[in-house]
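Data block below; observations after.
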Amino acid sequence: MVDIREVPEADIDRALELAYLVFHDRPEAEGRRRHHALLRTCARLGAYDGEALVGFMAAHDFRLSVPGADLPCPGLTFVSVAPTHRRRGVLTALMDEQLRRTGAAGSPIAALWASESAIYGRFGYGSATQGATVEIDSTRPLALRIAPDARPLRLVDPRDALALIGPYHEAARAGRPGRPTRDTERWNESWLSEQDEEDEELSPPRIIVLGDPGEPIAGYVLYRTKHEADGAPARSPGLVRVDELEADTPAVAAALWDCLAGLDLTGRVRAWGRPLDDPLLRFAADRDQVRVTAQFPALWLRLVDVRAALTRRSWAAPVEVVLEVGDVRLPANAGRYRLKAEPAGAAYERSTAPADLEFDVRDLAACYLGGTRAVELVAAGLVAERTPGAAAALDAALHTPLLPHTADEF
């Protein structure tokens with residue numbers, strides 16, 4: 001029997017050793033320093049077998065953009081169980097305690113990125129956003145169907161960038177569901193750090209902004225480069241790795257992508273974690289030149305308090321449906337409820353009426369941000385539709401102008 005308790009700061013190094021063991025990692029001193037600093041800012045839970053730390057998880061203190069609101073949302077990370085204690089209930093004990101603490105703190109939702117997607121569904125997490133890897137063949141000019149914004153582009157020193165792009169990012173975050181907050185430390189340690197944690201061959205970050213001098217910027221791109229492309233000969237065209245691109249309009253985005261594709265001594269632009277509705281995929285004139293090379297689940301969401309989560313988001317259209325919700329880990333969420341929602345607000349109360357839709361809480365979480373349609377889950381046999389048209393009506397109410405998306409991996 002393990003004891004679940006908070007991990008003191010004095011045990012952070014032990015927690016890191018456990019995580020490195022589990023994830024087969026051995027970072028250099030700088031990487032370890034970053035991880036140690038990050039965990040000091042997180043809530044930390046450990047599973048102790050006697051004095052041995054055999055399980056660990058941490059949680060960022062995030063807020064997450066949801067339709068019409070910004071909700072407190074712990075972001076789970078460094079979830080680790082010692083190989084000697086697998087299949088002994090350690091992860092379950094940690095997850096249950098984390099859910100209990102999240103609810104007690106008044107956070108209606110929680111989130112994570114799954115290292116193994118088969119694990120977290122049983123704890124009520126659903127895949128709520130999708131990401132795509134987009135590659136551009138930049139050995140020739142980027143073919144576009146729209147004219148790029150003609151306002152000037154300028155490079156910004158990474159030391160000065162946060163004052164420009166930080167407020168812009170925060171404003172853009174509100175316009176697309178699924179995006180966590182970034183504090184200054186996260187910006188500096190993850191996005192603007194001199195050396196990339198995953199690939200030391202990459203350059204320091206480069207930041208280009210668009211906009212007339214003295215005016216608010218209309219968009220920015222944060223990217224890194226390297227001389228060789230995946231181990232190719234030294235004289236081969238280099239790689240541009242796009243970490244983030246934000247733009248007010250498609251024309252601004254077109255100007256930024258065109259600039260990236262025109263960088264000297266490079267022949268490929270790769271952008272990981274782009275939204276599936278990225279305008280680039282529509283205004284690119286040659287889809288052989290601009291290709292989606294991968295699509296993957298990104299942010300996983302848990303509805304810790306279903307009533308609070310549903311009533312605190314906005315709704316695109318009126319809907320009234322009775323939902324039968326299953327939640328084996330948090331029984332207070334389980335049961336039959338009438339959801340009555342409209343753009344002005346929503347109510348969610350227990351009901352004895354027959355259910356229109358039957359959801360497991362993980363599938364309701366997948367639909368919550370508007371990125372997964374209930375009709376698709378009905379077609380997959382994961383949601384039972386007892387009243388014809390109920391799933392389509394719920395989808396119309398959950399709809400968001402932009403698909404939920406984040407590239408903030410944690």
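Letters for chains follow the order of the structure tokens (A, B, ...), residue numbers begin at 1 for each chain, and ligand numbers begin at 1 in the order shown.
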Contact residues around A:Pro213 with only C-alpha atoms at 10 Å, ignoring same-chain residues under 2 positions, as an NGL selection string: :A and (151-154 or 210-211 or 215-217)
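For stretch 293-365 of chain A, backbone-based DSSP assignment of helix (DSSP H, G or I) covers Val306, Arg307, Ala308, Ala309, Leu310, Thr311, Pro331, Ala332, Asn333, Val361, Arg362, Asp363, Leu364 and Ala365 of chain A.
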Atom-to-atom span, atom CA of A:His24 and atom CA of A:Met57, Å: 16.5 Å
Contacts of stretch 185-189 of chain A within 12 Å, only C-alpha atoms, excl. fewer than 3 positions in-chain, as a ChimeraX atom specification: /A:30-42,60-62,158-163,165-167,169-170,180-182,192-197,205,222,408-410
All strand (DSSP E or B) positions in stretch 45-136 of chain A, as a ChimeraX atom specification: /A:45-49,52-66,69-81,109-113,126-127,130-136
Closest of A:Gly326, A:Gly219, A:Gly273, A:Pro343 to A:Arg312 - atom-to-atom distances counting only C-alpha atoms: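 Selected residue with least distance to A:Arg312: A:Pro343.
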Residue nearest A:Arg224 - candidates A:Asp212, A:Glu376, A:Glu201, A:Asp278, atoms counted: only C-alpha atoms: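 Looking only at the distances to A:Arg224, the closest residue turns out to be A:Glu201.
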Distance query A:Lys226 at most 12 Å, only C-alpha atoms, self and fewer than 6 positions along chain excluded, as number ranges by chain: A: 196, 199-206, 232, 234-242, 263-270
